[in-house]
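Single-structure report; data block below.
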Amino acid sequence: MNRRGGIVLKSKRELSLMRKAGLINAHALAAAVDAVRPGVTTGTVNQAVAVVLRENGAAPAFVGVPGAYPYPAETTISINDELVHGIPGERRLKEGDIVSIDCGTVYEGFVADSALTIGVGEISPDAERLLKVTRQSLFAGIEQMVVGNRTGDASAAIQAHVEKNGFQVVREYTGHGVGRNMHEDPQVPNYGKAGKGVELKPGMTIALEPMVLAGTPQTKVLKDHWTVASQDGKLTAHFEHTVAITENGPWILTGADEDLDEDAWIRYNDYFAGRLVSQHG
Ligand code: MG
Ligand code: MG
């Protein structure tokens with residue numbers, strides 16, 4: 001998933017369209033969270049997302065992304081040691097698995113991109129801690145997404161939080177600008193130095209996405225040519241939000257809102273806490 005344009009600043013009108021894409025994406029991910037339970041196939045979870053996109057007049061951003069062959073689904077669903085780009089299908093979720101769901105929505109020509117990792121039923125304390133640290137590292141990065149900072153400030157914050165908790169960040173895959181294209185400049189790695197990188201300006205929209213490994217940072221691509229897994233077989237997690245830089249601070253375009261029914265909203269935000277800063281902009 002590598003096609004890139006340059007850095008594109010979005011107008012207020014374009015940001016509000018991106019927020020609409022982000023809300024649909026949030027509802028789609030909430031439907032995925034609802035579908036996750038032991039015994040369910042990853043294909044069924046993907047289908048729940050596809051229905052929400054269709055009902056909202058949105059298109060999937062992931063279908064047809066070029067690779068060894070065009071990406072075939074609305075989501076990527078990656079289990080346990082699988083970090084990103086797992087293809088949904090007949091595999092059944094088991095109690096104790098952790099499952100990363102990544103979803104991209106296109107609405108009125110704009111893309112929103114967001115991911116989360118959740119447990120299937122009861123999960124181990126180690127897995128729980130991995131999810132918590134990865135989610136916290138995303139928000140540590142988002143806090144740095146303010147006018148005048150640099151992308152390196154977000155990268156460094158993510159890396160510091162992950163490493164102080166004994167985990168590793170991926171090196172080969174990065175956060176990215178997002179807008180009319182799913183991948184625009186700048187790249188925002190999950191490691192880096194504060195004060196380095198591109199200066200953040202109002203109207204920039206960036207998908208921050210810490211990908212975290214419990215063991216060594218090395219990854220491998222599986223035989224299906226898409227799924228990326230940890231080389232050592234240890235657990236991995238992935239959280240992502242599309243964020244706009246505004247004069248009022250970071251605006252989480254893929255954060256949930258009150259339109260989700262209350263139960264769904266609470267479950268979703270247990271994992272995601274997007275509303276905290278989704279009211280800016
Ligand atoms: Mg994504
Ligand atoms: Mg992304």
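Note on naming: chains are A, B, ... as they come in the structure tokens, residues start from 1 per chain, ligands start from 1 in the order shown.
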
Which residues are near A:Asp153? Cut-off 8 Å, only C-alpha atoms, ignore same chain within fewer than 6 positions. Put them as a ChimeraX atom specification. /A:141,144,192-196

Could you name the residues that touch A:Thr42 at 10 Å or less, counting only C-alpha atoms, but leaving out those on the same chain fewer than 2 positions away, as an NGL selection string? :A and (32 or 35-36 or 39-40 or 44-47 or 75-79 or 86-93 or 99 or 101)

Set the distance at 6 Å and use only C-alpha atoms: which residues neighbour stretch 161-176 of chain A once local chain neighbours fewer than 6 positions away are removed? I'd like the list as a ChimeraX atom specification. /A:137,183,186-189,206-209,211-214,217

Residues within 7 Å of stretch 230-242 of chain A, only C-alpha atoms, excluding chain neighbours under 4 positions, as a PyMOL selection string: chain A and resi 80-83+100+112-117+130-131+134-135+138+205-216+218-220+252-254

Give me, as a ChimeraX atom specification, all polymer residues having an atom no more than 10 Å from A:Ser16, counting only C-alpha atoms and skipping those fewer than 5 positions away in the same chain. /A:10-11,21-22,253,281
